Protein chains: 2
Amino acid sequence: MKKFINKVDDILTESLSGFALAHSDLVQLHLDPNFLTRKQKASNKVVIISGGGSGHEPLHAGYIGYGMLDAACPGYVFSSPTPDQMLAAAEAVHADKGILFIVKNYAGDVMNFEMAGEMLAFEHATVLTSDDCAVINSTYTTGRRGVAGTVIVEKCVGSLAETGADLATCKALGDKVNTRTASIGVALTSCTVPAAGRPTFDIGDNEIEMGVGIHGEPGRKREAMREADAIVKDMVDAILADFTARNMEPAKNSEILLLVNGFGATPLMELYLLYNSAAKQLNTHGLQITRSLVGNYTTALDMAGGSITVCLLDDEIKQHWDSPVHTAALRWGK
Amino acid sequence: MKKFINKVDDILTESLSGFALAHSDLVQLHLDPNFLTRKQKASNKVVIISGGGSGHEPLHAGYIGYGMLDAACPGYVFSSPTPDQMLAAAEAVHADKGILFIVKNYAGDVMNFEMAGEMLAFEHATVLTSDDCAVINSTYTTGRRGVAGTVIVEKCVGSLAETGADLATCKALGDKVNTRTASIGVALTSCTVPAAGRPTFDIGDNEIEMGVGIHGEPGRKREAMREADAIVKDMVDAILADFTARNMEPAKNSEILLLVNGFGATPLMELYLLYNSAAKQLNTHGLQITRSLVGNYTTALDMAGGSITVCLLDDEIKQHWDSPVHTAALRWGK
């Protein structure tokens with residue numbers, strides 16, 4: 001294992017401290033329990049809190065700020081945060097209109113956010129993301145996994161919350177965006193969890209893991225490495241088949257958002273090549289890509305590989321995707 | 001070699017096409033010769049054109065847009081663009097106040113931009129970046145190499161050009177920012193050039209290349225892998241020694257910009273840990289970090305590793321760093 005670290009036990013604290021220093025205009029770090037909040041506490045709005053294991057940066061702390069999250073609770077690498085983190089974050093940011101948790105569907109995260117919810121004195125609700133169409137039930141989940149589509153949910157719900165919408169309305173939009181979103185990933189290499197010190201899985205020089213999870217957990221199939229267009233075809237087909245299976249086949253000329261996400265060790269040059277391939281293939285299916293995002297937005301430590309996410313747009317989702325956002329990892333508008 | 005590609009010969013065109021599709025609101029791609037321009041041509045300003053070998057994404061095309069570049073000329077992977085690209089780009093974007101080339105100091109780039117300059121009908125000047133303090137003269141350079149500090153030069157000069165400043169003033173600011181900037185990189189792994197199909201250099205599991213160039217060319221020394229703080233100490237010391245050697249030792253409490261740049265395969269979690277380490281060490285030297293940037297801004301294909309850049313700020317540089325920018329890779333302000 002060759003990584004920029006000091007002591008394995010200190011990785012999270014040191015990395016969070018660096019994040020908070022580099023973005024001291026945007027966020028405030030609280031340690032023990034660990035959580036991050038906006039520098040400027042919001043008032044009179046539903047507050048949005050997310051969290052999950054670390055190692056997926058910029059998820060979630062990179063999305064704290066105006067138009068997106070109010071707080072994030074980072075667990076240790078690939079480990080759920082604990083309820084005391086969510087409770088402390090909620091106490092710090094609540095703003096009189098209730099709390100919405102956005103949680104990726106992993107058993108540990110679901111359990112700990114539920115426990116936090118039970119102990120919480122404030123009105124609250126939860127949006128569970130489950131955009132990964134690769135597998136139903138998996139190493140760490142009952143049901144589908146929540147992966148890169150979570151960023152789209154956080155962006156849209158964060159935007160709506162800024163308008164003063166109530167908790168039920170925010171939850172409804174989050175559930176809608178999640179339902180209209182499907183993702184699938186592929187790994188070229190394993191990631192290495194620092195505390196383990198060795199790759200999570202073995203993979204040959206001519207193999208890929210199709211449908212891999214963002215912790216390196218197994219996907220659909222170990223397959224032969226092949227040209228990017230062929231890999232992307234299988235990914236696009238899986239996503240479209242998923243919408244069809246859920247009776248959500250998009251009509252011709254439907255507008256979509258295409259997110260090509262890197263897992264951490266795949267360079268932008270390759271991600272844009274994947275984007276080009278996916279865009280062309282989605283066009284041949286009669287879909288119009290009118291919103292795009294390409295880069296490392298939901299990573300898996302140092303895994304080489306990436307994921308493709310399609311979100312079926314409507315006017316409401318477009319409005320909230322386009323609205324201003326001011327976070328470390330996504331920033332546009334005023 | 002396991003990469004997301006189709007045919008090696010098509011990588012650049014496909015990746016550029018994906019970039020242009022994903023950012024069609026910002027850029028326009030021109031092929032044969034290859035160059036990219038702003039979607040909205042600017043008027044009555046010095047136009048800023050950069051370029052260089054591909055494989056350093058988001059450099060340079062990711063910096064096209066309001067407040068930064070007017071055009072970029074991508075060469076093949078790690079190969080200089082040719083003069084016809086610069087001439088075509090200049091013809092497409094010139095706006096009656098002259099053309100400023102921003103060129104990283106590599107022999108091929110310097111030669112080809114010079115040839116373009118000789119053939120150019122428009123008034124022009126060149127800022128040559130040379131922020132890499134690792135080595136004087138190297139595999140591909142006479143003099144110091146231009147690396148991640150180039151982003152700071154492009155940001156500041158791009159901002160100044162938007163104010164209507166003349167060519168000489170823009171060049172002077174570019175030269176000043178370059179002089180006040182020093183960088184050094186370190187590699188944990190080699191990159192793999194697609195056309196070569198194998199790693200550019202061999203490196204052991206317990207070795208690092210200190211002072212590596214952004215093409216994987218040798219740096220100062222092959223060293224033993226060690227804790228991040230120890231690696232960062234040597235990098236920070238090299239940068240400060242460089243300023244001292246150039247009679248630019250910053251006074252106590254000087255303000256600096258700290259850029260921690262990833263080379264492509266190092267995850268954000270580690271980059272923020274490096275930032276934390278560098279920030280603490282720079283503070284002990286009495287320097288105040290008042291501007292920051294952390295992420296993959298000047299990459300070396302799929303190399304694991306990164307670089308540290310320090311820019312000595314003054315009021316002019318701060319003003320132009322802070323001003324609005326609207327590009328694919330840097331975006332803030334209006």
# chains A, B, ... in the order shown; residues from 1 in each chain; ligands from 1
>>> residues_around(residues="B:Asp322", least_positions_apart="5", cutoff="12 Å", atoms="only C-alpha atoms", output="number ranges by chain")
B: 67, 152, 155-156, 158-160, 257, 290-293, 313, 315-317, 330-334
>>> write_last_selection(atoms="N, CA, C and O atoms", output="PDB file, in the first residue's frame")
ATOM      1  N   GLY B  67     -12.952  35.027 -17.761  1.00  0.00           N
ATOM      2  CA  GLY B  67     -12.003  35.239 -16.677  1.00  0.00           C
ATOM      3  C   GLY B  67     -10.744  34.411 -16.764  1.00  0.00           C
ATOM      4  O   GLY B  67      -9.885  34.501 -15.886  1.00  0.00           O
ATOM      5  N   ILE B 152      -2.399  29.157 -11.855  1.00  0.00           N
ATOM      6  CA  ILE B 152      -2.502  30.446 -11.152  1.00  0.00           C
ATOM      7  C   ILE B 152      -2.188  31.586 -12.126  1.00  0.00           C
ATOM      8  O   ILE B 152      -2.861  32.620 -12.131  1.00  0.00           O
ATOM      9  N   LYS B 155      -5.195  31.989 -14.400  1.00  0.00           N
ATOM     10  CA  LYS B 155      -6.323  32.622 -13.701  1.00  0.00           C
ATOM     11  C   LYS B 155      -6.112  34.123 -13.568  1.00  0.00           C
ATOM     12  O   LYS B 155      -7.019  34.926 -13.838  1.00  0.00           O
ATOM     13  N   CYS B 156      -4.938  34.512 -13.129  1.00  0.00           N
ATOM     14  CA  CYS B 156      -4.699  35.937 -12.850  1.00  0.00           C
ATOM     15  C   CYS B 156      -4.639  36.751 -14.143  1.00  0.00           C
ATOM     16  O   CYS B 156      -5.236  37.831 -14.244  1.00  0.00           O
ATOM     17  N   GLY B 158      -5.913  35.921 -17.009  1.00  0.00           N
ATOM     18  CA  GLY B 158      -7.243  35.899 -17.607  1.00  0.00           C
ATOM     19  C   GLY B 158      -8.148  36.948 -16.993  1.00  0.00           C
ATOM     20  O   GLY B 158      -8.922  37.616 -17.692  1.00  0.00           O
ATOM     21  N   SER B 159      -8.052  37.102 -15.702  1.00  0.00           N
ATOM     22  CA  SER B 159      -8.848  38.127 -15.010  1.00  0.00           C
ATOM     23  C   SER B 159      -8.454  39.528 -15.462  1.00  0.00           C
ATOM     24  O   SER B 159      -9.310  40.362 -15.782  1.00  0.00           O
ATOM     25  N   LEU B 160      -7.159  39.773 -15.502  1.00  0.00           N
ATOM     26  CA  LEU B 160      -6.694  41.109 -15.900  1.00  0.00           C
ATOM     27  C   LEU B 160      -7.126  41.437 -17.331  1.00  0.00           C
ATOM     28  O   LEU B 160      -7.553  42.566 -17.619  1.00  0.00           O
ATOM     29  N   LEU B 257      -0.906  31.676  -1.420  1.00  0.00           N
ATOM     30  CA  LEU B 257      -1.885  30.735  -1.963  1.00  0.00           C
ATOM     31  C   LEU B 257      -1.226  29.360  -1.918  1.00  0.00           C
ATOM     32  O   LEU B 257      -0.087  29.209  -2.366  1.00  0.00           O
ATOM     33  N   THR B 290      -3.995  32.316   2.772  1.00  0.00           N
ATOM     34  CA  THR B 290      -5.297  32.987   2.676  1.00  0.00           C
ATOM     35  C   THR B 290      -6.039  32.626   1.392  1.00  0.00           C
ATOM     36  O   THR B 290      -7.174  33.062   1.202  1.00  0.00           O
ATOM     37  N   ARG B 291      -5.416  31.843   0.530  1.00  0.00           N
ATOM     38  CA  ARG B 291      -6.101  31.328  -0.656  1.00  0.00           C
ATOM     39  C   ARG B 291      -5.670  29.874  -0.827  1.00  0.00           C
ATOM     40  O   ARG B 291      -4.498  29.559  -0.597  1.00  0.00           O
ATOM     41  N   SER B 292      -6.619  29.031  -1.291  1.00  0.00           N
ATOM     42  CA  SER B 292      -6.347  27.594  -1.371  1.00  0.00           C
ATOM     43  C   SER B 292      -6.982  26.974  -2.599  1.00  0.00           C
ATOM     44  O   SER B 292      -8.025  27.447  -3.071  1.00  0.00           O
ATOM     45  N   LEU B 293      -6.372  25.914  -3.057  1.00  0.00           N
ATOM     46  CA  LEU B 293      -6.972  25.114  -4.123  1.00  0.00           C
ATOM     47  C   LEU B 293      -6.471  23.690  -3.928  1.00  0.00           C
ATOM     48  O   LEU B 293      -5.261  23.467  -3.773  1.00  0.00           O
ATOM     49  N   LEU B 313       1.431  35.987  -2.466  1.00  0.00           N
ATOM     50  CA  LEU B 313       0.362  36.896  -2.874  1.00  0.00           C
ATOM     51  C   LEU B 313       0.745  38.352  -2.674  1.00  0.00           C
ATOM     52  O   LEU B 313       1.582  38.688  -1.834  1.00  0.00           O
ATOM     53  N   ASP B 315      -1.584  42.361  -3.338  1.00  0.00           N
ATOM     54  CA  ASP B 315      -2.963  42.812  -3.537  1.00  0.00           C
ATOM     55  C   ASP B 315      -3.433  42.571  -4.973  1.00  0.00           C
ATOM     56  O   ASP B 315      -4.585  42.195  -5.211  1.00  0.00           O
ATOM     57  N   GLU B 316      -2.536  42.797  -5.927  1.00  0.00           N
ATOM     58  CA  GLU B 316      -2.925  42.615  -7.331  1.00  0.00           C
ATOM     59  C   GLU B 316      -3.251  41.141  -7.622  1.00  0.00           C
ATOM     60  O   GLU B 316      -4.245  40.833  -8.284  1.00  0.00           O
ATOM     61  N   ILE B 317      -2.401  40.259  -7.147  1.00  0.00           N
ATOM     62  CA  ILE B 317      -2.635  38.831  -7.412  1.00  0.00           C
ATOM     63  C   ILE B 317      -3.910  38.363  -6.699  1.00  0.00           C
ATOM     64  O   ILE B 317      -4.724  37.636  -7.273  1.00  0.00           O
ATOM     65  N   LEU B 330     -12.597  25.542 -13.117  1.00  0.00           N
ATOM     66  CA  LEU B 330     -12.583  26.550 -12.053  1.00  0.00           C
ATOM     67  C   LEU B 330     -13.783  27.436 -12.274  1.00  0.00           C
ATOM     68  O   LEU B 330     -13.979  27.961 -13.380  1.00  0.00           O
ATOM     69  N   ARG B 331     -14.565  27.621 -11.237  1.00  0.00           N
ATOM     70  CA  ARG B 331     -15.770  28.426 -11.406  1.00  0.00           C
ATOM     71  C   ARG B 331     -16.135  29.077 -10.087  1.00  0.00           C
ATOM     72  O   ARG B 331     -16.349  28.391  -9.095  1.00  0.00           O
ATOM     73  N   TRP B 332     -16.130  30.373 -10.071  1.00  0.00           N
ATOM     74  CA  TRP B 332     -16.657  31.077  -8.907  1.00  0.00           C
ATOM     75  C   TRP B 332     -17.038  32.491  -9.296  1.00  0.00           C
ATOM     76  O   TRP B 332     -16.765  32.935 -10.418  1.00  0.00           O
ATOM     77  N   GLY B 333     -17.659  33.196  -8.343  1.00  0.00           N
ATOM     78  CA  GLY B 333     -18.130  34.545  -8.650  1.00  0.00           C
ATOM     79  C   GLY B 333     -19.341  34.476  -9.540  1.00  0.00           C
ATOM     80  O   GLY B 333     -19.984  33.443  -9.678  1.00  0.00           O
ATOM     81  N   LYS B 334     -19.682  35.618 -10.143  1.00  0.00           N
ATOM     82  CA  LYS B 334     -20.929  35.704 -10.912  1.00  0.00           C
ATOM     83  C   LYS B 334     -20.911  34.825 -12.140  1.00  0.00           C
ATOM     84  O   LYS B 334     -19.939  34.794 -12.853  1.00  0.00           O
TER      85      LYS B 334
END
>>> closest_atom_pairs(of="chain A", to="chain B", cutoff="8 Å", atoms="only C-alpha atoms", output="Markdown table")
| residue | atom | partner | partner_atom | distance |
| --- | --- | --- | --- | --- |
| A:Met1 | CA | B:Asp205 | CA | 7.6 |
| A:Lys2 | CA | B:Leu188 | CA | 6.8 |
| A:Lys3 | CA | B:Glu270 | CA | 7.3 |
| A:Phe4 | CA | B:Ala228 | CA | 5.0 |
| A:Ile5 | CA | B:Ala228 | CA | 5.0 |
| A:Asn6 | CA | B:Glu227 | CA | 4.7 |
| A:Lys7 | CA | B:Glu227 | CA | 7.8 |
| A:Ile11 | CA | B:Leu273 | CA | 7.1 |
| A:Glu14 | CA | B:Leu273 | CA | 5.3 |
| A:Ser15 | CA | B:Leu273 | CA | 4.1 |
| A:Leu16 | CA | B:Tyr272 | CA | 7.2 |
| A:Ser17 | CA | B:Asn276 | CA | 6.2 |
| A:Gly18 | CA | B:Asn276 | CA | 3.9 |
| A:Phe19 | CA | B:Tyr272 | CA | 5.5 |
| A:Leu21 | CA | B:Asn276 | CA | 7.2 |
| A:Ala22 | CA | B:Ser292 | CA | 5.6 |
| A:His23 | CA | B:Ser292 | CA | 7.7 |
| A:Gly55 | CA | B:Met269 | CA | 6.6 |
| A:Glu57 | CA | B:Leu268 | CA | 6.0 |
| A:Pro58 | CA | B:Leu268 | CA | 7.0 |
| A:Leu188 | CA | B:Lys2 | CA | 6.8 |
| A:Asp205 | CA | B:Lys2 | CA | 7.0 |
| A:Asn206 | CA | B:Lys2 | CA | 7.4 |
| A:Met225 | CA | B:Lys2 | CA | 7.7 |
| A:Glu227 | CA | B:Asn6 | CA | 4.7 |
| A:Ala228 | CA | B:Ile5 | CA | 5.0 |
| A:Asp229 | CA | B:Asn6 | CA | 6.6 |
| A:Gly264 | CA | B:Pro267 | CA | 5.0 |
| A:Ala265 | CA | B:Ala265 | CA | 3.6 |
| A:Thr266 | CA | B:Ala265 | CA | 6.0 |
| A:Pro267 | CA | B:Gly264 | CA | 5.0 |
| A:Leu268 | CA | B:Glu57 | CA | 6.0 |
| A:Met269 | CA | B:Ser15 | CA | 5.8 |
| A:Glu270 | CA | B:Phe4 | CA | 5.6 |
| A:Leu271 | CA | B:Ser15 | CA | 7.8 |
| A:Tyr272 | CA | B:Gly18 | CA | 4.8 |
| A:Leu273 | CA | B:Ser15 | CA | 4.1 |
| A:Leu274 | CA | B:Phe4 | CA | 7.0 |
| A:Tyr275 | CA | B:Gly18 | CA | 5.4 |
| A:Asn276 | CA | B:Gly18 | CA | 3.9 |
| A:Ser277 | CA | B:Gly18 | CA | 7.7 |
| A:Ala279 | CA | B:Gly18 | CA | 8.0 |
| A:Arg291 | CA | B:Ala22 | CA | 8.0 |
| A:Ser292 | CA | B:Ala22 | CA | 5.6 |
| A:Leu293 | CA | B:Ala22 | CA | 7.0 |
| A:Val294 | CA | B:Ala22 | CA | 7.4 |
| A:Thr299 | CA | B:Pro267 | CA | 7.9 |
| A:Leu301 | CA | B:Pro267 | CA | 5.9 |
| A:Asp302 | CA | B:Pro267 | CA | 5.7 |
| A:Ala304 | CA | B:Ala265 | CA | 7.7 |
| A:Arg331 | CA | B:Arg331 | CA | 6.7 |
| A:Trp332 | CA | B:Trp332 | CA | 6.8 |
| A:Gly333 | CA | B:Lys334 | CA | 6.5 |
| A:Lys334 | CA | B:Lys334 | CA | 5.3 |
>>> write_last_selection(atoms="N, CA and C atoms", output="short mmCIF file (atom, residue, chain, number, x, y, z; two decimals), in the first residue's frame")
data_model
loop_
_atom_site.label_atom_id
_atom_site.label_comp_id
_atom_site.auth_asym_id
_atom_site.auth_seq_id
_atom_site.Cartn_x
_atom_site.Cartn_y
_atom_site.Cartn_z
N MET A 1 0.85 -1.21 0.00
CA MET A 1 0.00 0.00 0.00
C MET A 1 0.87 1.25 0.00
N LYS A 2 0.74 2.07 -1.04
CA LYS A 2 1.51 3.30 -1.11
C LYS A 2 0.51 4.45 -1.15
N LYS A 3 0.34 5.13 -0.04
CA LYS A 3 -0.62 6.22 0.07
C LYS A 3 0.03 7.36 0.83
N PHE A 4 -0.50 8.57 0.61
CA PHE A 4 -0.07 9.72 1.41
C PHE A 4 -0.80 9.67 2.75
N ILE A 5 -0.17 9.02 3.73
CA ILE A 5 -0.76 8.99 5.07
C ILE A 5 0.35 9.10 6.11
N ASN A 6 -0.04 9.44 7.32
CA ASN A 6 0.88 9.35 8.44
C ASN A 6 0.54 8.05 9.17
N LYS A 7 -0.22 8.13 10.25
CA LYS A 7 -0.68 6.90 10.90
C LYS A 7 -2.08 6.58 10.38
N ILE A 11 -5.85 9.16 9.59
CA ILE A 11 -6.20 9.59 8.23
C ILE A 11 -7.43 10.47 8.20
N GLU A 14 -7.02 13.94 9.90
CA GLU A 14 -6.10 14.80 9.15
C GLU A 14 -6.71 15.25 7.82
N SER A 15 -7.41 14.34 7.17
CA SER A 15 -8.01 14.70 5.89
C SER A 15 -9.16 15.69 6.09
N LEU A 16 -9.99 15.44 7.10
CA LEU A 16 -11.08 16.38 7.39
C LEU A 16 -10.52 17.75 7.79
N SER A 17 -9.44 17.74 8.55
CA SER A 17 -8.85 19.02 8.97
C SER A 17 -8.34 19.78 7.76
N GLY A 18 -7.72 19.07 6.83
CA GLY A 18 -7.27 19.72 5.60
C GLY A 18 -8.44 20.27 4.80
N PHE A 19 -9.50 19.49 4.72
CA PHE A 19 -10.69 19.95 4.00
C PHE A 19 -11.24 21.22 4.64
N LEU A 21 -9.70 23.38 6.56
CA LEU A 21 -8.77 24.50 6.38
C LEU A 21 -8.87 25.08 4.97
N ALA A 22 -8.91 24.19 4.00
CA ALA A 22 -8.92 24.64 2.60
C ALA A 22 -10.22 25.34 2.24
N HIS A 23 -11.28 25.02 2.95
CA HIS A 23 -12.60 25.59 2.64
C HIS A 23 -13.18 26.29 3.87
N GLY A 55 -13.99 7.97 2.28
CA GLY A 55 -13.39 7.28 1.15
C GLY A 55 -14.14 7.52 -0.14
N GLU A 57 -14.93 10.77 -1.11
CA GLU A 57 -14.80 12.20 -1.29
C GLU A 57 -14.89 12.59 -2.77
N PRO A 58 -15.56 13.70 -3.10
CA PRO A 58 -16.04 14.75 -2.21
C PRO A 58 -17.35 14.46 -1.48
N LEU A 188 -11.71 -1.14 -12.85
CA LEU A 188 -10.54 -1.69 -13.54
C LEU A 188 -9.53 -2.24 -12.54
N ASP A 205 -5.10 -8.49 -15.00
CA ASP A 205 -4.75 -7.39 -15.90
C ASP A 205 -5.73 -7.26 -17.06
N ASN A 206 -6.45 -8.31 -17.36
CA ASN A 206 -7.40 -8.27 -18.47
C ASN A 206 -8.83 -8.43 -18.01
N MET A 225 -11.64 -7.45 -20.04
CA MET A 225 -11.41 -6.07 -20.44
C MET A 225 -11.66 -5.95 -21.93
N GLU A 227 -12.87 -2.78 -25.29
CA GLU A 227 -12.88 -1.36 -25.68
C GLU A 227 -13.91 -0.59 -24.86
N ALA A 228 -13.62 0.70 -24.70
CA ALA A 228 -14.51 1.55 -23.89
C ALA A 228 -15.94 1.53 -24.42
N ASP A 229 -16.10 1.60 -25.73
CA ASP A 229 -17.47 1.64 -26.29
C ASP A 229 -18.27 0.39 -25.91
N GLY A 264 -11.77 7.59 -8.52
CA GLY A 264 -10.66 8.15 -7.75
C GLY A 264 -9.32 8.07 -8.45
N ALA A 265 -9.10 7.01 -9.24
CA ALA A 265 -7.79 6.85 -9.88
C ALA A 265 -7.88 6.86 -11.41
N THR A 266 -9.04 7.23 -11.92
CA THR A 266 -9.18 7.30 -13.38
C THR A 266 -9.12 8.76 -13.81
N PRO A 267 -8.19 9.08 -14.71
CA PRO A 267 -8.01 10.49 -15.08
C PRO A 267 -9.17 11.05 -15.90
N LEU A 268 -9.27 12.37 -15.83
CA LEU A 268 -10.32 13.10 -16.55
C LEU A 268 -10.32 12.77 -18.04
N MET A 269 -9.13 12.60 -18.62
CA MET A 269 -9.08 12.31 -20.06
C MET A 269 -9.93 11.08 -20.39
N GLU A 270 -9.84 10.05 -19.55
CA GLU A 270 -10.63 8.84 -19.78
C GLU A 270 -12.10 9.06 -19.44
N LEU A 271 -12.38 9.85 -18.42
CA LEU A 271 -13.79 10.10 -18.06
C LEU A 271 -14.50 10.84 -19.20
N TYR A 272 -13.81 11.78 -19.83
CA TYR A 272 -14.44 12.48 -20.95
C TYR A 272 -14.62 11.56 -22.15
N LEU A 273 -13.70 10.62 -22.33
CA LEU A 273 -13.87 9.64 -23.40
C LEU A 273 -15.10 8.76 -23.10
N LEU A 274 -15.27 8.37 -21.85
CA LEU A 274 -16.47 7.61 -21.47
C LEU A 274 -17.73 8.44 -21.71
N TYR A 275 -17.64 9.72 -21.35
CA TYR A 275 -18.80 10.60 -21.55
C TYR A 275 -19.18 10.64 -23.02
N ASN A 276 -18.16 10.79 -23.87
CA ASN A 276 -18.41 10.86 -25.31
C ASN A 276 -19.12 9.60 -25.80
N SER A 277 -18.64 8.47 -25.32
CA SER A 277 -19.21 7.19 -25.74
C SER A 277 -20.65 7.05 -25.22
N ALA A 279 -22.70 9.42 -24.32
CA ALA A 279 -23.59 10.42 -24.92
C ALA A 279 -24.06 9.95 -26.30
N ARG A 291 -28.25 18.09 -19.49
CA ARG A 291 -27.47 18.46 -18.30
C ARG A 291 -26.36 17.41 -18.16
N SER A 292 -25.17 17.87 -17.71
CA SER A 292 -24.01 16.98 -17.66
C SER A 292 -23.16 17.24 -16.43
N LEU A 293 -22.48 16.20 -16.00
CA LEU A 293 -21.48 16.35 -14.94
C LEU A 293 -20.44 15.25 -15.17
N VAL A 294 -19.18 15.64 -15.19
CA VAL A 294 -18.08 14.70 -15.44
C VAL A 294 -16.97 14.97 -14.43
N THR A 299 -16.43 8.76 -5.02
CA THR A 299 -15.27 7.93 -5.31
C THR A 299 -15.21 6.70 -4.41
N LEU A 301 -12.08 5.47 -2.81
CA LEU A 301 -10.66 5.58 -2.49
C LEU A 301 -9.84 5.66 -3.77
N ASP A 302 -8.93 4.72 -3.97
CA ASP A 302 -8.01 4.79 -5.11
C ASP A 302 -8.37 3.78 -6.19
N ALA A 304 -9.47 2.47 -9.70
CA ALA A 304 -9.59 2.91 -11.08
C ALA A 304 -10.90 2.35 -11.62
N ARG A 331 -20.20 24.11 -7.70
CA ARG A 331 -20.38 25.55 -7.50
C ARG A 331 -20.80 26.19 -8.80
N TRP A 332 -21.97 26.77 -8.79
CA TRP A 332 -22.38 27.58 -9.94
C TRP A 332 -23.46 28.57 -9.52
N GLY A 333 -23.78 29.45 -10.42
CA GLY A 333 -24.78 30.48 -10.10
C GLY A 333 -24.17 31.52 -9.19
N LYS A 334 -25.03 32.33 -8.59
CA LYS A 334 -24.54 33.46 -7.78
C LYS A 334 -23.82 33.01 -6.54
#
>>> select_by_dssp(residues="stretch 49-274 of chain B", states="strand (DSSP E or B)", output="number ranges by chain")
B: 49-54, 64, 66, 69, 71-77, 96-104, 124-129, 132, 138, 141, 181-187, 192, 199, 207-210, 221-224, 255-262, 264
>>> residues_around(residues="A:Pro218", least_positions_apart="2", cutoff="12 Å", atoms="only C-alpha atoms", output="PyMOL selection string")
chain A and resi 134-141+145+185-187+190+200-203+208-216+220-223
>>> residues_around(residues="A:Ile239", least_positions_apart="3", cutoff="10 Å", atoms="only C-alpha atoms", output="list in words")
Asp131, Asp132, Cys133, Ala134, Thr181, Ala182, Ser183, Ile184, Lys233, Asp234, Met235, Val236, Asp242, Phe243, Thr244, Ala245, Ile308, Thr309 and Val310 of chain A
>>> write_last_selection(atoms="N, CA and C atoms", output="mmCIF file, in the first residue's frame")
data_model
loop_
_atom_site.group_PDB
_atom_site.id
_atom_site.type_symbol
_atom_site.label_atom_id
_atom_site.label_comp_id
_atom_site.auth_asym_id
_atom_site.auth_seq_id
_atom_site.Cartn_x
_atom_site.Cartn_y
_atom_site.Cartn_z
ATOM 1 N N ASP A 131 -29.859 4.220 -6.275
ATOM 2 C CA ASP A 131 -29.803 4.390 -7.725
ATOM 3 C C ASP A 131 -29.026 3.301 -8.441
ATOM 4 N N ASP A 132 -28.264 2.482 -7.711
ATOM 5 C CA ASP A 132 -27.383 1.511 -8.384
ATOM 6 C C ASP A 132 -28.208 0.351 -8.920
ATOM 7 N N CYS A 133 -28.293 0.249 -10.240
ATOM 8 C CA CYS A 133 -29.113 -0.803 -10.845
ATOM 9 C C CYS A 133 -28.336 -2.096 -11.072
ATOM 10 N N ALA A 134 -27.077 -2.129 -10.601
ATOM 11 C CA ALA A 134 -26.250 -3.303 -10.897
ATOM 12 C C ALA A 134 -26.792 -4.561 -10.226
ATOM 13 N N THR A 181 -33.539 8.064 -11.238
ATOM 14 C CA THR A 181 -32.094 8.004 -11.443
ATOM 15 C C THR A 181 -31.615 6.556 -11.399
ATOM 16 N N ALA A 182 -30.722 6.207 -12.313
ATOM 17 C CA ALA A 182 -30.128 4.864 -12.304
ATOM 18 C C ALA A 182 -28.648 4.968 -12.639
ATOM 19 N N SER A 183 -27.859 4.164 -11.970
ATOM 20 C CA SER A 183 -26.401 4.179 -12.106
ATOM 21 C C SER A 183 -25.870 2.761 -12.235
ATOM 22 N N ILE A 184 -24.681 2.660 -12.834
ATOM 23 C CA ILE A 184 -23.936 1.397 -12.768
ATOM 24 C C ILE A 184 -22.448 1.720 -12.876
ATOM 25 N N LYS A 233 -21.510 0.423 -23.641
ATOM 26 C CA LYS A 233 -22.774 -0.115 -24.181
ATOM 27 C C LYS A 233 -23.479 -0.978 -23.140
ATOM 28 N N ASP A 234 -22.714 -1.839 -22.492
ATOM 29 C CA ASP A 234 -23.338 -2.701 -21.488
ATOM 30 C C ASP A 234 -23.878 -1.876 -20.314
ATOM 31 N N MET A 235 -23.169 -0.805 -19.979
ATOM 32 C CA MET A 235 -23.614 0.031 -18.858
ATOM 33 C C MET A 235 -24.881 0.803 -19.233
ATOM 34 N N VAL A 236 -24.872 1.391 -20.420
ATOM 35 C CA VAL A 236 -26.050 2.143 -20.878
ATOM 36 C C VAL A 236 -27.247 1.204 -21.015
ATOM 37 N N ASP A 242 -33.094 -1.056 -16.722
ATOM 38 C CA ASP A 242 -33.601 -0.831 -15.367
ATOM 39 C C ASP A 242 -34.821 0.089 -15.379
ATOM 40 N N PHE A 243 -34.736 1.174 -16.155
ATOM 41 C CA PHE A 243 -35.911 2.059 -16.237
ATOM 42 C C PHE A 243 -37.104 1.305 -16.816
ATOM 43 N N THR A 244 -36.854 0.505 -17.850
ATOM 44 C CA THR A 244 -37.940 -0.257 -18.474
ATOM 45 C C THR A 244 -38.559 -1.228 -17.468
ATOM 46 N N ALA A 245 -37.696 -1.908 -16.723
ATOM 47 C CA ALA A 245 -38.192 -2.891 -15.746
ATOM 48 C C ALA A 245 -39.036 -2.219 -14.667
ATOM 49 N N ILE A 308 -21.614 5.379 -14.564
ATOM 50 C CA ILE A 308 -22.496 6.185 -15.405
ATOM 51 C C ILE A 308 -23.828 6.289 -14.694
ATOM 52 N N THR A 309 -24.345 7.505 -14.628
ATOM 53 C CA THR A 309 -25.643 7.759 -14.003
ATOM 54 C C THR A 309 -26.511 8.529 -14.982
ATOM 55 N N VAL A 310 -27.755 8.107 -15.118
ATOM 56 C CA VAL A 310 -28.736 8.838 -15.925
ATOM 57 C C VAL A 310 -29.888 9.249 -15.015
#
>>> atom_distance(atom1="atom CA of A:Leu128", atom2="atom CA of A:Glu255")
24.2 Å
>>> closest_residue(among="B:Tyr76, B:Ala107, B:Thr327, B:Glu154", to="B:Asn34", atoms="only C-alpha atoms")
B:Tyr76
